[in-house]
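Below is one structure; the comments refer to it alone.
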Amino acid sequence: MLKRPHLIALGLVVLLTLIVLNLPHHATNQIKLAIGSLFLPLFGLSKSSQQIIGHASDTLLPRSELLRQNEQLRRANQELQFRATQAEAVQRENDQFRALFGWQKQSLWKVRLASVIARDPANWWHIIRIDLGTRDGMRPDLPVITSAGLVGKISTVGLTDSQVVLIGNPDCKVAAIVEKPGERNGESGVITGVSSPLDNTLVTLSFLSSNSSLKPGEFVRTWGEGKIFPPGIPIGQVVEDSHLSELGYTEARVKLAADLGALEEVWVIIQ
Amino acid sequence: MNWLNSILILLVAFLAVFMESVFDGARNLLGAQIDLLPALMVYASLSSGLLTVTAVAVAGGLLFDTLSSNPLGISILPLFLPAYIIYVRRGLILREQFYAQIVLGLLASAFAPLLALLMLSVTKQSPVLGWDSVWQWIVMSVGGAILTPFCFWLFDGLNHALNYRPVVESSFRLDRQIKRGRQ
């Protein structure tokens with residue numbers, strides 16, 4: 001038999017839950033920000049302890065290993081400088097052609113480096129948290145990438161941190177284009193969600209035209225439609241032949257280029 | 001009521017949510033993050049008053065939802081309900097039994113995510129679910145079951161170290177002499 005205080009406690013918890021769940025979106029965001037600020041010292045502590053561990057491991061590395069790494073980095077740097085020079089030449093040429101045809105000049109992305117400070121503790125959201133917020137110029141819908149490819153977009157922004165909704169999440173739909181070898185125009189579609197029930201690195205490319213035929217290995221990039229993601233960001237590669245869905249459009253499975261499970265640092269495209 | 005114990009449970013709930021968010025060891029190894037809060041609720045329901053159980057469910061749920069994309073408040077009931085049922089029936093539960101701790105931890109850790117997902121579907125949210133979610137649910141349930149005896153061990157140890165031990169009252173008094181036999 002339930003006692004009166006037990007029933008009162010149960011009733012109060014149910015009532016509180018209903019009240020909190022029915023609060024306006026703006027109010028819940030404010031409460032989340034307020035409660036989230038309790039964690040900020042711990043996030044700072046966690047970051048600095050990681051840096052200390054990093055420094056400690058650096059000091060433990062033998063000098064010969066450090067010299068070897070230094071030499072490797074020097075070579076990589078030279079190679080990248082050489083490629084950058086080539087890219088600049090191509091860019092100049094591209095600008096000249098654009099001027100010749102009267103096309104608008106393409107602007108280069110301005111990016112900011114961010115560290116991943118946390119992941120969603122619930123297993124059913126594909127979301128990470130980064131250490132840049134409104135004070136760093138972050139705002140919702142800014143694209144987030146790694147050197148490998150597209151990661152997602154910023155969903156909500158706090159003062160010092162932001163949430164990034166990862167590609168594959170239904171809240172992060174991306175207009176994509178498939179590069180067809182030897183063809184000027186590719187097949188366009190939309191990345192709608194995770195494709196494989198057991199592998200969240202595979203996403204579905206939907207809404208391709210019904211006569212599309214995609215082959216494994218073809219590269220998928222952002223299309224630029226929708227104005228959130230600039231065109232040309234690598235998304236991944238088609239992993240198997242495309243097929244006609246029951247809804248009348250062609251679908252394909254795409255293996256993501258960026259490893260979303262091992263993100264430590266990401267770039268936010270701010271312009 | 002033992003306030004120190006309640007404060008310790010709340011503190012561990014806070015740290016547990018933070019660690020679940022920051023440390024990816026279990027997630028990378030097993031493909032799912034293990035939730036300590038249901039195990040903590042089992043401990044709270046068997047060792048504390050109803051006020052503490054309610055406070056830990058509300059605080060833990062709000063903290064969890066803050067670091068998550070969950071709608072705020074969605075995790076309160078899934079944490080509170082199993083703990084409430086255990087609390088109401090705790091007179092029948094052998095708290096010290098390892099087996100009882102494991103089974104209760106398993107049930108609470110299995111029930112909490114299911115109820116949370118049910119509530120998410122009621123509130124028309126669209127979490128990313130697939131067959132791997134079944135695996136994640138199994139990992140969360142078994143992980144919670146394993147963590148429950150750890151919670152008991154941790155808090156019993158902390159209470160032992162930080163609290164005064166209760167004086168055992170006996171009817172025998174040293175300042176009285178018992179004379180036996182007939183005089």
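In the structure tokens, chains take the letters A, B, ... in the order shown, each chain's residues start at 1, and ligands count up from 1 in the order shown.
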Please report, as a Markdown table, each residue of chain A lying at most 8 Å from chain B, together with the nearest pair of atoms and the separation in Å rounded to one decimal; use only C-alpha atoms, and order rows by chain and ascending residue number.
```
| residue | atom | partner | partner_atom | distance |
| --- | --- | --- | --- | --- |
| A:Leu2 | CA | B:Val88 | CA | 7.3 |
| A:His6 | CA | B:Leu50 | CA | 7.6 |
| A:Ala9 | CA | B:Thr54 | CA | 7.3 |
| A:Leu10 | CA | B:Tyr84 | CA | 7.8 |
| A:Val13 | CA | B:Leu77 | CA | 7.2 |
| A:Val14 | CA | B:Leu77 | CA | 6.9 |
| A:Thr17 | CA | B:Gly73 | CA | 5.5 |
| A:Val20 | CA | B:Gly73 | CA | 5.6 |
| A:Leu21 | CA | B:Gly73 | CA | 5.7 |
| A:Thr28 | CA | B:Leu72 | CA | 6.4 |
| A:Lys32 | CA | B:Thr66 | CA | 4.9 |
| A:Leu33 | CA | B:Thr66 | CA | 7.6 |
| A:Ile35 | CA | B:Thr66 | CA | 6.6 |
| A:Gly36 | CA | B:Thr66 | CA | 6.0 |
| A:Phe39 | CA | B:Phe18 | CA | 7.1 |
| A:Leu42 | CA | B:Phe18 | CA | 7.8 |
| A:Ile117 | CA | B:Val22 | CA | 6.6 |
| A:Ala118 | CA | B:Val22 | CA | 4.6 |
| A:Arg119 | CA | B:Ser21 | CA | 5.1 |
| A:Asp120 | CA | B:Ser68 | CA | 4.8 |
| A:Pro121 | CA | B:Ser21 | CA | 4.8 |
| A:Ala122 | CA | B:Ser68 | CA | 6.3 |
| A:Asn123 | CA | B:Ala32 | CA | 6.2 |
| A:Trp124 | CA | B:Val128 | CA | 5.1 |
| A:Trp125 | CA | B:Pro127 | CA | 5.7 |
| A:His126 | CA | B:Val128 | CA | 7.2 |
| A:Ile127 | CA | B:Ser69 | CA | 7.5 |
| A:Asn169 | CA | B:Val128 | CA | 6.4 |
| A:Pro170 | CA | B:Val128 | CA | 7.4 |
| A:Val194 | CA | B:Val128 | CA | 7.8 |
| A:Ser196 | CA | B:Gly130 | CA | 7.9 |
| A:Pro197 | CA | B:Gly130 | CA | 4.6 |
| A:Leu198 | CA | B:Asp132 | CA | 4.8 |
| A:Asp199 | CA | B:Asp132 | CA | 7.7 |
| A:Gly261 | CA | B:Asn28 | CA | 7.3 |
```
Inset, instruction - Enumerate the residues of chain B with a DSSP assignment of helix (DSSP H, G or I), computed from the backbone, and present them as a PyMOL selection string. - result: chain B and resi 3-22+25-30+37-47+50-67+76-88+90-92+98-122+131-162
Residues within 12 Å of Pro234 (chain A), please, as a CSV table (one decimal) with C-alpha atoms, in the first residue's frame. Count only C-alpha atoms; anything in the same chain fewer than 2 positions from it doesn't count.
```csv
chain,number,residue,atom,x,y,z
A,144,VAL,CA,32.0,22.2,-39.4
A,145,ILE,CA,34.7,20.2,-41.2
A,146,THR,CA,38.0,18.3,-40.7
A,147,SER,CA,40.8,18.0,-43.2
A,148,ALA,CA,39.1,14.8,-44.3
A,149,GLY,CA,35.7,16.2,-45.0
A,150,LEU,CA,32.4,17.4,-43.7
A,151,VAL,CA,31.5,16.8,-40.1
A,152,GLY,CA,28.2,18.7,-39.6
A,174,VAL,CA,23.1,18.1,-46.7
A,175,ALA,CA,22.6,18.8,-50.4
A,176,ALA,CA,25.3,16.7,-52.1
A,177,ILE,CA,26.6,16.1,-55.6
A,178,VAL,CA,28.3,13.0,-57.0
A,179,GLU,CA,31.3,13.6,-59.2
A,218,GLU,CA,32.6,7.9,-56.8
A,219,PHE,CA,33.2,11.0,-54.7
A,220,VAL,CA,30.4,12.9,-53.0
A,221,ARG,CA,30.8,16.6,-52.2
A,222,THR,CA,28.6,19.3,-50.9
A,223,TRP,CA,26.5,20.9,-53.6
A,224,GLY,CA,26.1,24.4,-52.2
A,229,PHE,CA,27.3,24.4,-46.7
A,230,PRO,CA,29.6,25.9,-49.3
A,231,PRO,CA,30.1,23.8,-52.4
A,232,GLY,CA,33.0,21.4,-52.8
A,236,GLY,CA,32.6,10.7,-48.7
A,237,GLN,CA,32.5,8.0,-51.4
A,238,VAL,CA,29.8,5.8,-52.8
A,254,VAL,CA,28.0,6.8,-48.9
A,255,LYS,CA,31.0,6.1,-46.6
A,256,LEU,CA,31.8,9.3,-44.8
A,257,ALA,CA,35.3,10.8,-45.3
A,258,ALA,CA,35.6,12.2,-41.8
```
Legend entry - Atom pair CA of Thr52 (chain B) / CA of Leu11 (chain B): separation (Å): 12.2 Å
Inset, instruction - Within 9 Å of region 43-45 of chain B, counting only C-alpha atoms, which residues show up once you throw out same-chain ones fewer than 6 positions away? Write them as a VMD selection string, please. - result: chain B and resid 6 9 52 to 53 56 82 to 88 90 95 101 105 148 to 149 151 to 152 155
Inset, instruction - Excluding Ser141 (chain B) and residues on its chain fewer than 4 positions from it, collect all residues at most 8 Å away from it, counting only C-alpha atoms, and give them as a list in words. - result: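 Counting only the stated atoms, we get Gly105, Leu106, Leu107, Ala108, Ser109, Ala110, Trp137 and Ala145 of chain B.
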Legend entry - Two-atom distance - CA of Ala252 (chain A), CA of Pro216 (chain A) (Å): 9.3 Å
Return as an mmCIF file with C-alpha atoms, in the first residue's frame the full set of residues in region 12-155 of chain A whose backbone-based DSSP assignment is strand (DSSP E).
```cif
data_model
loop_
_atom_site.group_PDB
_atom_site.id
_atom_site.type_symbol
_atom_site.label_atom_id
_atom_site.label_comp_id
_atom_site.auth_asym_id
_atom_site.auth_seq_id
_atom_site.Cartn_x
_atom_site.Cartn_y
_atom_site.Cartn_z
ATOM 1 C CA VAL A 111 37.899 28.973 -40.754
ATOM 2 C CA ARG A 112 38.444 28.731 -36.992
ATOM 3 C CA LEU A 113 39.953 25.775 -35.212
ATOM 4 C CA ALA A 114 37.898 24.310 -32.356
ATOM 5 C CA SER A 115 38.543 21.510 -29.902
ATOM 6 C CA VAL A 116 35.915 18.861 -29.236
ATOM 7 C CA ILE A 117 35.248 19.071 -25.516
ATOM 8 C CA ALA A 118 32.355 16.634 -25.082
ATOM 9 C CA ARG A 119 29.953 14.246 -26.742
ATOM 10 C CA ILE A 127 26.127 15.498 -31.453
ATOM 11 C CA ILE A 128 29.432 16.903 -30.176
ATOM 12 C CA ARG A 129 30.288 20.015 -28.203
ATOM 13 C CA ILE A 130 33.113 22.370 -29.230
ATOM 14 C CA PRO A 143 29.467 24.307 -41.310
ATOM 15 C CA VAL A 144 31.997 22.203 -39.403
ATOM 16 C CA ILE A 145 34.710 20.230 -41.212
ATOM 17 C CA LEU A 150 32.371 17.421 -43.719
ATOM 18 C CA VAL A 151 31.485 16.814 -40.060
ATOM 19 C CA GLY A 152 28.188 18.659 -39.581
ATOM 20 C CA LYS A 153 26.865 22.051 -38.626
ATOM 21 C CA ILE A 154 26.465 24.098 -35.474
ATOM 22 C CA SER A 155 23.031 23.666 -33.939
#
```
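Closest approach to Asp156 (chain B) among B:Leu46, B:Leu30, B:Met119, B:Val103: B:Leu46, based on only C-alpha atoms.
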Inset, instruction - Give me, please, the distance in Å between CA of Tyr99 (chain B) and CA of Leu79 (chain B), quoted to one decimal. - result: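 Separating CA of Tyr99 (chain B) from CA of Leu79 (chain B) is a distance of 21.1 Å.
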Inset, instruction - Kindly indicate which residue among A:Leu38, A:Ile233, A:Leu208, A:Leu202 lies nearest to Arg253 (chain A), using only C-alpha atoms for the distances. - result: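 Nearest candidate to Arg253 (chain A) out of A:Leu38, A:Ile233, A:Leu208, A:Leu202: A:Leu202.
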